[in-house]
file target27.txt (compact mmCIF, C-alpha atoms)
# COMPACT_ATOMS: atom_id res chain seq x y z
CA MET A 1103 -48.07 2.43 19.20
CA GLU A 1104 -44.62 4.02 19.04
CA LYS A 1105 -44.28 7.56 17.76
CA ILE A 1106 -43.06 7.97 14.19
CA ARG A 1107 -40.28 10.45 13.49
CA LEU A 1108 -40.64 11.94 10.02
CA ILE A 1109 -37.66 13.37 8.17
CA GLU A 1110 -38.21 15.19 4.85
CA VAL A 1111 -35.39 14.71 2.34
CA LYS A 1112 -35.87 17.09 -0.54
CA GLU A 1113 -34.29 17.36 -3.92
CA GLU A 1114 -34.39 20.29 -6.32
CA ILE A 1115 -32.02 19.21 -9.08
CA LEU A 1116 -34.06 18.38 -12.15
CA GLY A 1117 -32.35 21.24 -14.02
CA ASP A 1118 -33.04 21.88 -17.64
CA ASN A 1119 -34.38 18.40 -18.36
CA ARG A 1120 -37.91 19.61 -19.05
CA GLU A 1121 -36.72 22.25 -21.49
CA LEU A 1122 -34.61 19.69 -23.37
CA ALA A 1123 -37.59 17.31 -23.47
CA ASP A 1124 -39.79 20.00 -25.00
CA GLY A 1125 -37.15 20.42 -27.71
CA LEU A 1126 -37.18 16.70 -28.46
CA ARG A 1127 -40.98 16.67 -28.77
CA LYS A 1128 -40.80 19.47 -31.37
CA ARG A 1129 -37.99 17.72 -33.27
CA LEU A 1130 -39.99 14.47 -33.45
CA LYS A 1131 -43.18 16.25 -34.47
CA GLY A 1132 -41.25 17.94 -37.30
CA ASN A 1133 -40.35 14.45 -38.54
CA GLY A 1134 -43.88 13.07 -38.17
CA VAL A 1135 -42.76 10.74 -35.39
CA PHE A 1136 -44.85 9.97 -32.29
CA MET A 1137 -42.96 8.76 -29.20
CA MET A 1138 -44.26 6.76 -26.22
CA ASN A 1139 -42.44 6.26 -22.90
CA LEU A 1140 -43.27 2.92 -21.22
CA MET A 1141 -42.56 2.57 -17.49
CA SER A 1142 -43.09 -0.05 -14.75
CA SER A 1143 -41.45 -1.99 -11.94
CA PRO A 1144 -38.93 -4.67 -12.86
CA GLY A 1145 -40.73 -7.80 -13.97
CA SER A 1146 -44.11 -6.21 -14.73
CA GLY A 1147 -43.99 -7.16 -18.40
CA LYS A 1148 -42.59 -4.14 -20.31
CA THR A 1149 -40.65 -6.18 -22.87
CA SER A 1150 -43.58 -8.58 -23.38
CA LEU A 1151 -45.87 -5.61 -24.00
CA VAL A 1152 -43.37 -4.04 -26.42
CA LEU A 1153 -43.32 -7.29 -28.41
CA ARG A 1154 -47.13 -7.58 -28.40
CA THR A 1155 -47.37 -3.93 -29.51
CA ILE A 1156 -44.84 -4.34 -32.32
CA ARG A 1157 -46.72 -7.38 -33.67
CA ALA A 1158 -50.05 -5.54 -33.54
CA LEU A 1159 -48.81 -2.35 -35.25
CA LYS A 1160 -45.93 -3.21 -37.54
CA ASN A 1161 -48.03 -3.76 -40.66
CA GLU A 1162 -49.35 -0.20 -40.43
CA LEU A 1163 -46.50 1.77 -38.84
CA LYS A 1164 -42.70 1.96 -39.07
CA ILE A 1165 -41.57 1.37 -35.51
CA GLY A 1166 -38.31 1.97 -33.66
CA VAL A 1167 -37.44 1.07 -30.06
CA ILE A 1168 -35.16 2.68 -27.46
CA GLU A 1169 -34.29 0.23 -24.68
CA GLY A 1170 -33.05 1.53 -21.34
CA ASP A 1171 -31.20 -0.96 -19.20
CA ILE A 1172 -28.62 -0.86 -16.46
CA ASP A 1173 -26.33 -3.53 -17.73
CA SER A 1174 -27.78 -6.01 -20.23
CA VAL A 1175 -28.72 -5.90 -23.91
CA VAL A 1176 -31.20 -8.79 -23.60
CA ASP A 1177 -34.29 -6.66 -24.32
CA ALA A 1178 -32.79 -4.93 -27.37
CA GLU A 1179 -31.84 -8.30 -28.85
CA THR A 1180 -35.38 -9.61 -28.29
CA VAL A 1181 -36.82 -6.56 -30.03
CA ALA A 1182 -34.32 -6.63 -32.90
CA LYS A 1183 -35.39 -10.22 -33.67
CA GLU A 1184 -38.82 -8.77 -34.55
CA GLY A 1185 -37.12 -6.83 -37.37
CA VAL A 1186 -37.45 -3.50 -35.60
CA PRO A 1187 -34.46 -1.13 -35.24
CA ALA A 1188 -33.41 -0.93 -31.58
CA VAL A 1189 -31.12 1.44 -29.71
CA GLN A 1190 -29.82 0.17 -26.37
CA LEU A 1191 -29.05 2.83 -23.76
CA ARG A 1192 -26.86 1.08 -21.20
CA THR A 1193 -27.04 3.49 -18.31
CA GLY A 1194 -24.12 2.10 -16.32
CA GLY A 1195 -25.99 2.69 -13.08
CA PHE A 1196 -28.54 5.42 -13.75
CA CYS A 1197 -31.99 4.26 -12.74
CA HIS A 1198 -33.90 6.25 -15.35
CA LEU A 1199 -33.67 7.75 -18.81
CA ASP A 1200 -33.65 11.51 -19.21
CA ALA A 1201 -34.03 13.85 -22.19
CA THR A 1202 -30.26 14.06 -22.75
CA MET A 1203 -29.97 10.29 -23.12
CA ILE A 1204 -33.02 10.06 -25.39
CA GLY A 1205 -31.54 12.83 -27.53
CA LYS A 1206 -28.39 10.72 -28.00
CA ALA A 1207 -30.54 7.76 -29.08
CA LEU A 1208 -32.52 9.88 -31.56
CA ASP A 1209 -29.23 11.11 -33.04
CA VAL A 1210 -28.40 7.58 -34.23
CA MET A 1211 -31.93 6.76 -35.47
CA ASP A 1212 -33.26 7.50 -38.95
CA LEU A 1213 -36.26 9.60 -37.90
CA ALA A 1214 -37.40 10.15 -41.49
CA ALA A 1215 -37.90 6.36 -41.78
CA LEU A 1216 -40.01 6.06 -38.62
CA ASP A 1217 -43.61 6.76 -37.54
CA PHE A 1218 -43.56 5.57 -33.95
CA ILE A 1219 -40.87 5.16 -31.28
CA ILE A 1220 -41.32 3.15 -28.09
CA ILE A 1221 -39.04 3.95 -25.15
CA GLU A 1222 -38.78 1.03 -22.72
CA ASN A 1223 -37.60 2.88 -19.63
CA VAL A 1224 -35.50 1.34 -16.83
CA GLY A 1225 -37.57 -0.96 -14.58
CA ASN A 1226 -38.37 1.37 -11.68
CA LEU A 1227 -41.46 3.20 -10.40
CA VAL A 1228 -39.51 6.12 -8.98
CA CYS A 1229 -36.86 8.00 -10.96
CA PRO A 1230 -38.42 7.54 -14.42
CA ALA A 1231 -41.48 9.42 -13.15
CA GLU A 1232 -39.39 12.50 -12.46
CA PHE A 1233 -37.49 12.88 -15.72
CA ASP A 1234 -39.40 13.96 -18.81
CA THR A 1235 -38.04 11.92 -21.73
CA GLY A 1236 -39.51 14.07 -24.47
CA ALA A 1237 -42.19 11.47 -25.25
CA HIS A 1238 -45.68 12.54 -26.38
CA LEU A 1239 -47.34 9.83 -24.31
CA ASN A 1240 -46.51 8.25 -20.94
CA ALA A 1241 -47.72 4.68 -20.42
CA MET A 1242 -47.22 2.45 -17.40
CA ILE A 1243 -47.80 -1.14 -16.42
CA LEU A 1244 -48.88 -2.41 -13.01
CA SER A 1245 -48.93 -6.19 -12.77
CA VAL A 1246 -51.32 -8.06 -10.49
CA PRO A 1247 -48.68 -9.78 -8.29
CA GLU A 1248 -47.24 -6.39 -7.25
CA GLY A 1249 -50.31 -5.73 -5.10
CA ASP A 1250 -53.01 -3.06 -5.11
CA ASP A 1251 -51.24 -0.59 -2.80
CA LYS A 1252 -48.81 0.67 -5.44
CA PRO A 1253 -50.80 3.86 -6.31
CA LEU A 1254 -50.48 4.86 -2.63
CA LYS A 1255 -46.74 4.32 -2.63
CA TYR A 1256 -45.75 5.66 -6.06
CA PRO A 1257 -48.28 8.46 -6.63
CA LEU A 1258 -46.10 10.52 -8.99
CA MET A 1259 -45.81 7.69 -11.53
CA PHE A 1260 -49.56 7.06 -11.54
CA SER A 1261 -50.26 10.81 -11.72
CA LEU A 1262 -48.33 11.57 -14.89
CA CYS A 1263 -49.27 8.62 -17.11
CA ASN A 1264 -51.87 8.89 -19.85
CA ILE A 1265 -52.62 5.19 -19.66
CA LEU A 1266 -52.26 2.39 -17.12
CA LEU A 1267 -52.12 -1.20 -18.29
CA ILE A 1268 -53.00 -3.70 -15.59
CA ASN A 1269 -50.98 -6.73 -16.72
CA LYS A 1270 -50.89 -10.40 -15.66
CA ILE A 1271 -54.66 -10.50 -15.14
CA ASP A 1272 -54.29 -14.28 -15.57
CA TYR A 1273 -52.94 -14.13 -11.96
CA LEU A 1274 -56.10 -12.52 -10.58
CA LYS A 1275 -57.60 -15.81 -9.44
CA TYR A 1276 -54.56 -16.49 -7.22
CA ALA A 1277 -53.98 -12.96 -5.89
CA SER A 1278 -55.75 -12.27 -2.60
CA ASP A 1279 -54.03 -8.87 -2.31
CA PHE A 1280 -55.18 -7.35 -5.61
CA ASN A 1281 -58.59 -5.72 -5.86
CA THR A 1282 -58.92 -4.34 -9.40
CA ASP A 1283 -61.75 -1.94 -8.52
CA LEU A 1284 -59.73 -0.56 -5.60
CA VAL A 1285 -56.69 -0.02 -7.86
CA LYS A 1286 -58.83 1.89 -10.36
CA GLU A 1287 -60.34 4.02 -7.61
CA ARG A 1288 -56.90 4.81 -6.14
CA VAL A 1289 -55.43 5.63 -9.56
CA ARG A 1290 -58.36 7.84 -10.60
CA ALA A 1291 -58.15 9.74 -7.32
CA LEU A 1292 -54.61 10.70 -8.39
CA ASN A 1293 -55.31 11.08 -12.10
CA PRO A 1294 -58.97 11.42 -13.13
CA GLY A 1295 -58.25 11.51 -16.89
CA ILE A 1296 -56.21 8.31 -17.10
CA THR A 1297 -57.26 5.42 -19.35
CA ILE A 1298 -57.03 1.98 -17.72
CA ILE A 1299 -56.94 -1.25 -19.74
CA GLU A 1300 -56.59 -4.77 -18.33
CA VAL A 1301 -54.32 -7.10 -20.29
CA SER A 1302 -52.41 -10.33 -20.13
CA CYS A 1303 -49.29 -10.32 -22.28
CA LYS A 1304 -49.15 -14.07 -21.66
CA THR A 1305 -52.61 -14.97 -23.03
CA GLY A 1306 -53.10 -11.93 -25.28
CA GLU A 1307 -56.31 -10.87 -23.52
CA GLY A 1308 -56.96 -7.12 -23.86
CA ILE A 1309 -54.14 -6.52 -26.37
CA ASP A 1310 -56.58 -5.65 -29.20
CA ARG A 1311 -58.17 -2.95 -27.09
CA TRP A 1312 -54.74 -1.53 -26.19
CA ALA A 1313 -53.59 -1.58 -29.83
CA ASP A 1314 -56.75 0.21 -31.00
CA TRP A 1315 -56.39 2.89 -28.32
CA LEU A 1316 -52.71 3.40 -29.15
CA LYS A 1317 -53.23 3.58 -32.93
CA GLN A 1318 -55.78 6.35 -32.45
CA ARG A 1319 -53.36 8.31 -30.21
CA ILE A 1320 -50.55 7.91 -32.75
CA ARG A 1321 -52.82 9.04 -35.61
CA GLU A 1322 -53.87 12.16 -33.68
CA GLY A 1323 -50.33 12.85 -32.47
CA ARG A 1324 -48.71 12.72 -35.91
CA LYS A 1325 -51.15 15.22 -37.45
CA MET B 209 -32.51 -9.39 -37.25
CA GLU B 210 -31.99 -5.64 -37.10
CA LYS B 211 -28.68 -4.29 -35.87
CA ILE B 212 -28.60 -2.99 -32.29
CA ARG B 213 -27.01 0.41 -31.62
CA LEU B 214 -25.45 0.47 -28.17
CA ILE B 215 -24.91 3.76 -26.32
CA GLU B 216 -22.99 3.77 -23.01
CA VAL B 217 -24.23 6.35 -20.50
CA LYS B 218 -21.82 6.55 -17.62
CA GLU B 219 -22.02 8.15 -14.26
CA GLU B 220 -19.19 8.86 -11.84
CA ILE B 221 -20.87 10.87 -9.09
CA LEU B 222 -21.08 8.67 -5.98
CA GLY B 223 -18.85 11.17 -4.17
CA ASP B 224 -18.01 10.71 -0.55
CA ASN B 225 -20.95 8.41 0.21
CA ARG B 226 -18.78 5.40 0.93
CA GLU B 227 -16.58 7.32 3.36
CA LEU B 228 -19.64 8.63 5.21
CA ALA B 229 -21.05 5.08 5.35
CA ASP B 230 -17.84 3.76 6.90
CA GLY B 231 -18.18 6.44 9.59
CA LEU B 232 -21.76 5.35 10.37
CA ARG B 233 -20.68 1.70 10.71
CA LYS B 234 -18.06 2.71 13.29
CA ARG B 235 -20.53 4.91 15.18
CA LEU B 236 -23.08 2.07 15.39
CA LYS B 237 -20.46 -0.48 16.41
CA GLY B 238 -19.39 1.89 19.21
CA ASN B 239 -22.99 1.76 20.48
CA GLY B 240 -23.29 -2.02 20.13
CA VAL B 241 -25.85 -1.64 17.34
CA PHE B 242 -25.98 -3.89 14.27
CA MET B 243 -27.71 -2.47 11.17
CA MET B 244 -29.25 -4.31 8.21
CA ASN B 245 -30.25 -2.74 4.87
CA LEU B 246 -33.21 -4.50 3.20
CA MET B 247 -33.76 -3.96 -0.52
CA SER B 248 -36.11 -5.24 -3.23
CA SER B 249 -38.45 -4.26 -6.06
CA PRO B 250 -41.72 -2.59 -5.13
CA GLY B 251 -44.23 -5.21 -4.01
CA SER B 252 -41.73 -7.99 -3.23
CA GLY B 253 -42.66 -8.09 0.46
CA LYS B 254 -40.16 -5.89 2.34
CA THR B 255 -42.66 -4.59 4.89
CA SER B 256 -44.13 -8.08 5.44
CA LEU B 257 -40.62 -9.42 6.06
CA VAL B 258 -39.84 -6.55 8.45
CA LEU B 259 -42.96 -7.42 10.46
CA ARG B 260 -42.14 -11.15 10.49
CA THR B 261 -38.58 -10.33 11.59
CA ILE B 262 -39.69 -7.98 14.38
CA ARG B 263 -42.06 -10.64 15.74
CA ALA B 264 -39.34 -13.30 15.63
CA LEU B 265 -36.65 -11.19 17.31
CA LYS B 266 -38.30 -8.64 19.59
CA ASN B 267 -38.22 -10.78 22.72
CA GLU B 268 -34.43 -11.04 22.49
CA LEU B 269 -33.36 -7.75 20.87
CA LYS B 270 -34.26 -4.07 21.07
CA ILE B 271 -35.16 -3.19 17.49
CA GLY B 272 -35.53 0.10 15.61
CA VAL B 273 -36.65 0.63 12.02
CA ILE B 274 -35.77 3.25 9.40
CA GLU B 275 -38.35 3.36 6.61
CA GLY B 276 -37.47 4.89 3.26
CA ASP B 277 -40.38 5.93 1.10
CA ILE B 278 -41.05 8.42 -1.64
CA ASP B 279 -44.25 9.87 -0.34
CA SER B 280 -46.21 7.79 2.17
CA VAL B 281 -45.82 6.93 5.85
CA VAL B 282 -47.88 3.72 5.56
CA ASP B 283 -44.95 1.39 6.30
CA ALA B 284 -43.72 3.37 9.33
CA GLU B 285 -47.23 3.31 10.80
CA THR B 286 -47.46 -0.46 10.29
CA VAL B 287 -44.11 -0.95 12.03
CA ALA B 288 -44.90 1.45 14.89
CA LYS B 289 -48.02 -0.62 15.67
CA GLU B 290 -45.65 -3.47 16.57
CA GLY B 291 -44.28 -1.26 19.36
CA VAL B 292 -41.00 -0.63 17.60
CA PRO B 293 -39.60 2.91 17.18
CA ALA B 294 -39.72 3.94 13.52
CA VAL B 295 -38.11 6.80 11.61
CA GLN B 296 -39.68 7.64 8.28
CA LEU B 297 -37.37 9.13 5.66
CA ARG B 298 -39.69 10.69 3.09
CA THR B 299 -37.32 11.19 0.19
CA GLY B 300 -39.50 13.58 -1.82
CA GLY B 301 -38.42 11.93 -5.04
CA PHE B 302 -35.08 10.25 -4.38
CA CYS B 303 -35.17 6.60 -5.37
CA HIS B 304 -32.72 5.36 -2.74
CA LEU B 305 -31.34 6.07 0.71
CA ASP B 306 -27.73 7.17 1.10
CA ALA B 307 -25.39 7.51 4.06
CA THR B 308 -26.26 11.18 4.60
CA MET B 309 -29.97 10.38 4.99
CA ILE B 310 -29.31 7.40 7.28
CA GLY B 311 -27.08 9.64 9.41
CA LYS B 312 -30.02 12.05 9.87
CA ALA B 313 -32.22 9.16 10.96
CA LEU B 314 -29.61 7.88 13.44
CA ASP B 315 -29.38 11.41 14.89
CA VAL B 316 -33.00 11.20 16.09
CA MET B 317 -32.77 7.59 17.37
CA ASP B 318 -31.69 6.56 20.85
CA LEU B 319 -28.80 4.29 19.82
CA ALA B 320 -27.95 3.39 23.41
CA ALA B 321 -31.42 1.82 23.73
CA LEU B 322 -31.12 -0.32 20.59
CA ASP B 323 -29.41 -3.57 19.53
CA PHE B 324 -30.55 -3.90 15.93
CA ILE B 325 -31.74 -1.47 13.25
CA ILE B 326 -33.53 -2.50 10.08
CA ILE B 327 -33.44 -0.11 7.11
CA GLU B 328 -36.31 -0.72 4.69
CA ASN B 329 -34.87 0.91 1.59
CA VAL B 330 -36.95 2.46 -1.23
CA GLY B 331 -38.57 -0.21 -3.46
CA ASN B 332 -36.11 -0.33 -6.35
CA LEU B 333 -33.48 -2.79 -7.64
CA VAL B 334 -31.25 -0.09 -9.08
CA CYS B 335 -30.20 3.01 -7.12
CA PRO B 336 -30.18 1.41 -3.65
CA ALA B 337 -27.51 -1.00 -4.90
CA GLU B 338 -25.16 1.89 -5.63
CA PHE B 339 -25.33 3.84 -2.38
CA ASP B 340 -23.75 2.35 0.73
CA THR B 341 -26.09 3.10 3.64
CA GLY B 342 -23.60 2.33 6.40
CA ALA B 343 -25.33 -0.98 7.20
CA HIS B 344 -23.30 -4.00 8.34
CA LEU B 345 -25.42 -6.40 6.30
CA ASN B 346 -27.18 -6.09 2.95
CA ALA B 347 -30.24 -8.27 2.44
CA MET B 348 -32.53 -8.46 -0.58
CA ILE B 349 -35.81 -10.05 -1.53
CA LEU B 350 -36.73 -11.48 -4.93
CA SER B 351 -40.34 -12.61 -5.14
CA VAL B 352 -41.45 -15.44 -7.39
CA PRO B 353 -43.87 -13.42 -9.59
CA GLU B 354 -41.03 -11.08 -10.67
CA GLY B 355 -39.52 -13.84 -12.80
CA ASP B 356 -36.21 -15.68 -12.78
CA ASP B 357 -34.35 -13.29 -15.13
CA LYS B 358 -33.80 -10.58 -12.50
CA PRO B 359 -30.19 -11.58 -11.65
CA LEU B 360 -29.35 -11.02 -15.34
CA LYS B 361 -30.93 -7.58 -15.36
CA TYR B 362 -29.90 -6.23 -11.94
CA PRO B 363 -26.49 -7.84 -11.37
CA LEU B 364 -25.14 -5.15 -9.03
CA MET B 365 -27.93 -5.67 -6.48
CA PHE B 366 -27.46 -9.44 -6.44
CA SER B 367 -23.66 -9.04 -6.27
CA LEU B 368 -23.49 -6.93 -3.13
CA CYS B 369 -26.05 -8.64 -0.89
CA ASN B 370 -25.02 -11.05 1.89
CA ILE B 371 -28.36 -12.84 1.71
CA LEU B 372 -31.13 -13.32 -0.81
CA LEU B 373 -34.63 -14.19 0.39
CA ILE B 374 -36.77 -15.79 -2.30
CA ASN B 375 -40.24 -14.70 -1.17
CA LYS B 376 -43.80 -15.66 -2.20
CA ILE B 377 -42.82 -19.32 -2.70
CA ASP B 378 -46.55 -20.02 -2.26
CA TYR B 379 -46.79 -18.71 -5.88
CA LEU B 380 -44.35 -21.30 -7.23
CA LYS B 381 -47.09 -23.69 -8.33
CA TYR B 382 -48.59 -20.99 -10.58
CA ALA B 383 -45.40 -19.43 -11.94
CA SER B 384 -44.25 -20.95 -15.22
CA ASP B 385 -41.48 -18.33 -15.55
CA PHE B 386 -39.69 -18.97 -12.25
CA ASN B 387 -37.15 -21.78 -11.98
CA THR B 388 -35.71 -21.66 -8.45
CA ASP B 389 -32.61 -23.71 -9.32
CA LEU B 390 -31.88 -21.41 -12.27
CA VAL B 391 -32.21 -18.34 -10.03
CA LYS B 392 -29.76 -19.81 -7.52
CA GLU B 393 -27.31 -20.68 -10.28
CA ARG B 394 -27.54 -17.16 -11.77
CA VAL B 395 -27.16 -15.49 -8.38
CA ARG B 396 -24.20 -17.65 -7.32
CA ALA B 397 -22.45 -16.95 -10.62
CA LEU B 398 -22.54 -13.26 -9.58
CA ASN B 399 -21.97 -13.79 -5.86
CA PRO B 400 -20.59 -17.20 -4.80
CA GLY B 401 -20.70 -16.45 -1.05
CA ILE B 402 -24.35 -15.40 -0.85
CA THR B 403 -26.81 -17.22 1.45
CA ILE B 404 -30.18 -17.99 -0.17
CA ILE B 405 -33.30 -18.81 1.86
CA GLU B 406 -36.77 -19.51 0.47
CA VAL B 407 -39.64 -17.97 2.43
CA SER B 408 -43.30 -17.07 2.27
CA CYS B 409 -44.17 -14.07 4.41
CA LYS B 410 -47.81 -15.00 3.79
CA THR B 411 -47.67 -18.56 5.19
CA GLY B 412 -44.60 -18.15 7.43
CA GLU B 413 -42.69 -20.93 5.68
CA GLY B 414 -38.90 -20.48 6.02
CA ILE B 415 -39.13 -17.58 8.51
CA ASP B 416 -37.59 -19.62 11.35
CA ARG B 417 -34.56 -20.41 9.25
CA TRP B 418 -34.20 -16.73 8.30
CA ALA B 419 -34.55 -15.59 11.94
CA ASP B 420 -31.92 -18.11 13.13
CA TRP B 421 -29.46 -17.03 10.44
CA LEU B 422 -30.03 -13.34 11.23
CA LYS B 423 -29.70 -13.75 15.01
CA GLN B 424 -26.32 -15.39 14.54
CA ARG B 425 -25.15 -12.55 12.27
CA ILE B 426 -26.33 -9.95 14.80
CA ARG B 427 -24.57 -11.77 17.67
CA GLU B 428 -21.31 -11.89 15.73
CA GLY B 429 -21.68 -8.31 14.48
CA ARG B 430 -22.27 -6.77 17.92
CA LYS B 431 -19.17 -8.35 19.49
call {"tool": "encode", "arguments": {"input": "target27.txt", "output": "structure tokens"}}
result
Amino acid sequence: MEKIRLIEVKEEILGDNRELADGLRKRLKGNGVFMMNLMSSPGSGKTSLVLRTIRALKNELKIGVIEGDIDSVVDAETVAKEGVPAVQLRTGGFCHLDATMIGKALDVMDLAALDFIIIENVGNLVCPAEFDTGAHLNAMILSVPEGDDKPLKYPLMFSLCNILLINKIDYLKYASDFNTDLVKERVRALNPGITIIEVSCKTGEGIDRWADWLKQRIREGRK
Amino acid sequence: MEKIRLIEVKEEILGDNRELADGLRKRLKGNGVFMMNLMSSPGSGKTSLVLRTIRALKNELKIGVIEGDIDSVVDAETVAKEGVPAVQLRTGGFCHLDATMIGKALDVMDLAALDFIIIENVGNLVCPAEFDTGAHLNAMILSVPEGDDKPLKYPLMFSLCNILLINKIDYLKYASDFNTDLVKERVRALNPGITIIEVSCKTGEGIDRWADWLKQRIREGRK
């Protein structure tokens, strides 16, 4: 085996983002609004989950959505068709949303008319993990076809989320490289308090359990 | 349908990266080394493709690998087991590799002893597309389970690559949301000159065609 040369490339430029995010959390709380930040790789099913969540909650809660995307407005259009107000943050190249950008979105939303805001972050397991958006809850999706090694490779993302949704479980019977028990073990080693729910946004399996969990968190958070 | 509010968030801070990258290309060329930058989402099969490529080329070419990763050295270890020298760039949070980082890796490599360097970029369809690494060739992987809408959502990545490998074609029979012809049409609308090859790193299908294409590019590039 050849020797590996390891080079550490460090970054210390997160600045005042955390402080700004704390300010947003207080501002939302003052308006009785609970905000969730949803993160995943591209193609894991964020938009499908947002739609499933809207349909499960919209009779009880007034929902708004902030969509982060590099270049398209496809997701915001999909959400707006559900009758939910949507703000599209077109990042023009940024690979994540930060508290400054979310603040700009909140400025154009009618917070007094909302109970719950969903942020659909940019599809990426890296940068979004580093920038606090000001949300009260961090949720992430890992889909079965991505493989079960992702907690080893993206530990920060798995460490900071309150809940992990394992999506596309309808693929489990075809996926030789996804051991659900191993994923749970790897995730809990990073984050012992995390809730893990298995879902399929395609078939609807597990969505009720997710919606019940989320409604309870929103109720507690808005108190 | 609700109205969508669109907010543009622009960034103009790529700095001197391109200039640095041009310098690296010249330095490599002076040493007769051809460098490829491989990009994709997390879980699309970059490391599997690197291993397949090493096995196909190592009898003819002296190969080195630069592995970009947020936090682990798993991929560099896997590569080093193939008897190929590997440099691990642990980015400590950065979601991409840039020309400065690649320059640091080249500094610890014996360029005179190499013909071909593979950069395995950080798993991400966003930031890596923006930062020129100094490579002579940009390659990307899109895997079937990610869905066929990715060219619409990550146009920059698809626009700047010389070749697209459609991986995990063994999943095609299960994937209702992946139309290969539609992907090719969407990609060619962004990038008419791109080469597209379908492969399965699991079964080996298409790898010969990829290796032949790559060897020709390396031969031409090292002249």
call {"tool": "interface_residues", "arguments": {"input": "target27.txt", "of": "chain B", "to": "chain A", "cutoff": "8 Å", "atoms": "all atoms listed in the file", "output": "ChimeraX atom specification"}}
result
/B:209-219,249-252,277-280,284-285,288-303,309,312-313,316,332-335,338,353-355,358,360-363
call {"tool": "atom_distance", "arguments": {"input": "target27.txt", "atom1": "atom CA of Leu422 of chain B", "atom2": "atom CA of Ile371 of chain B"}}
result
9.7 Å
call {"tool": "atom_distance", "arguments": {"input": "target27.txt", "atom1": "atom CA of Leu1151 of chain A", "atom2": "atom CA of Thr1235 of chain A"}}
result
19.3 Å
call {"tool": "atom_distance", "arguments": {"input": "target27.txt", "atom1": "atom CA of Arg1290 of chain A", "atom2": "atom CA of Phe1260 of chain A"}}
result
8.9 Å
call {"tool": "residues_near_point", "arguments": {"input": "target27.txt", "point": "(-18.9, -13.6, -0.9)", "cutoff": "12 Å", "atoms": "only C-alpha atoms", "output": "PDB file with C-alpha atoms, in the coordinates of the input"}}
result
ATOM      1  CA  ASN B 346     -27.180  -6.090   2.950  1.00  0.00           C
ATOM      2  CA  PHE B 366     -27.460  -9.440  -6.440  1.00  0.00           C
ATOM      3  CA  SER B 367     -23.660  -9.040  -6.270  1.00  0.00           C
ATOM      4  CA  LEU B 368     -23.490  -6.930  -3.130  1.00  0.00           C
ATOM      5  CA  CYS B 369     -26.050  -8.640  -0.890  1.00  0.00           C
ATOM      6  CA  ASN B 370     -25.020 -11.050   1.890  1.00  0.00           C
ATOM      7  CA  ILE B 371     -28.360 -12.840   1.710  1.00  0.00           C
ATOM      8  CA  VAL B 395     -27.160 -15.490  -8.380  1.00  0.00           C
ATOM      9  CA  ARG B 396     -24.200 -17.650  -7.320  1.00  0.00           C
ATOM     10  CA  ALA B 397     -22.450 -16.950 -10.620  1.00  0.00           C
ATOM     11  CA  LEU B 398     -22.540 -13.260  -9.580  1.00  0.00           C
ATOM     12  CA  ASN B 399     -21.970 -13.790  -5.860  1.00  0.00           C
ATOM     13  CA  PRO B 400     -20.590 -17.200  -4.800  1.00  0.00           C
ATOM     14  CA  GLY B 401     -20.700 -16.450  -1.050  1.00  0.00           C
ATOM     15  CA  ILE B 402     -24.350 -15.400  -0.850  1.00  0.00           C
ATOM     16  CA  THR B 403     -26.810 -17.220   1.450  1.00  0.00           C
TER      17      THR B 403
END
call {"tool": "residues_around", "arguments": {"input": "target27.txt", "residues": "Ile325 of chain B", "least_positions_apart": "6", "cutoff": "8 Å", "atoms": "only C-alpha atoms", "output": "ChimeraX atom specification"}}
result
/B:241-244,271-274
call {"tool": "closest_residue", "arguments": {"input": "target27.txt", "among": "B:Met348, B:Leu372, B:Ala321, B:Ile310", "to": "Lys270 of chain B", "atoms": "only C-alpha atoms"}}
result
B:Ala321
call {"tool": "closest_residue", "arguments": {"input": "target27.txt", "among": "A:Thr1155, A:Asn1119, A:Thr1282, A:Asn1223", "to": "Pro1253 of chain A", "atoms": "all atoms listed in the file"}}
result
A:Thr1282
call {"tool": "closest_residue", "arguments": {"input": "target27.txt", "among": "B:Ile415, B:Asp306, B:Ile374, B:Phe324", "to": "Ala347 of chain B", "atoms": "all atoms listed in the file"}}
result
B:Ile374
call {"tool": "residues_around", "arguments": {"input": "target27.txt", "residues": "segment 1126-1128 of chain A", "least_positions_apart": "5", "cutoff": "7 Å", "atoms": "only C-alpha atoms", "output": "VMD selection string"}}
result
chain A and resid 1205 1236 to 1238
call {"tool": "axis_aligned_box", "arguments": {"input": "target27.txt", "around": "segment 374-386 of chain B", "padding_each_side": "3 Å", "output": "AutoDock Vina command-line options"}}
result
--center_x -42.7 --center_y -19.2 --center_z -8.4 --size_x 17.8 --size_y 15.0 --size_z 20.4
call {"tool": "closest_residue", "arguments": {"input": "target27.txt", "among": "B:Ser384, B:Asp420, B:Leu246, B:Lys410", "to": "Ala264 of chain B", "atoms": "all atoms listed in the file"}}
result
B:Asp420
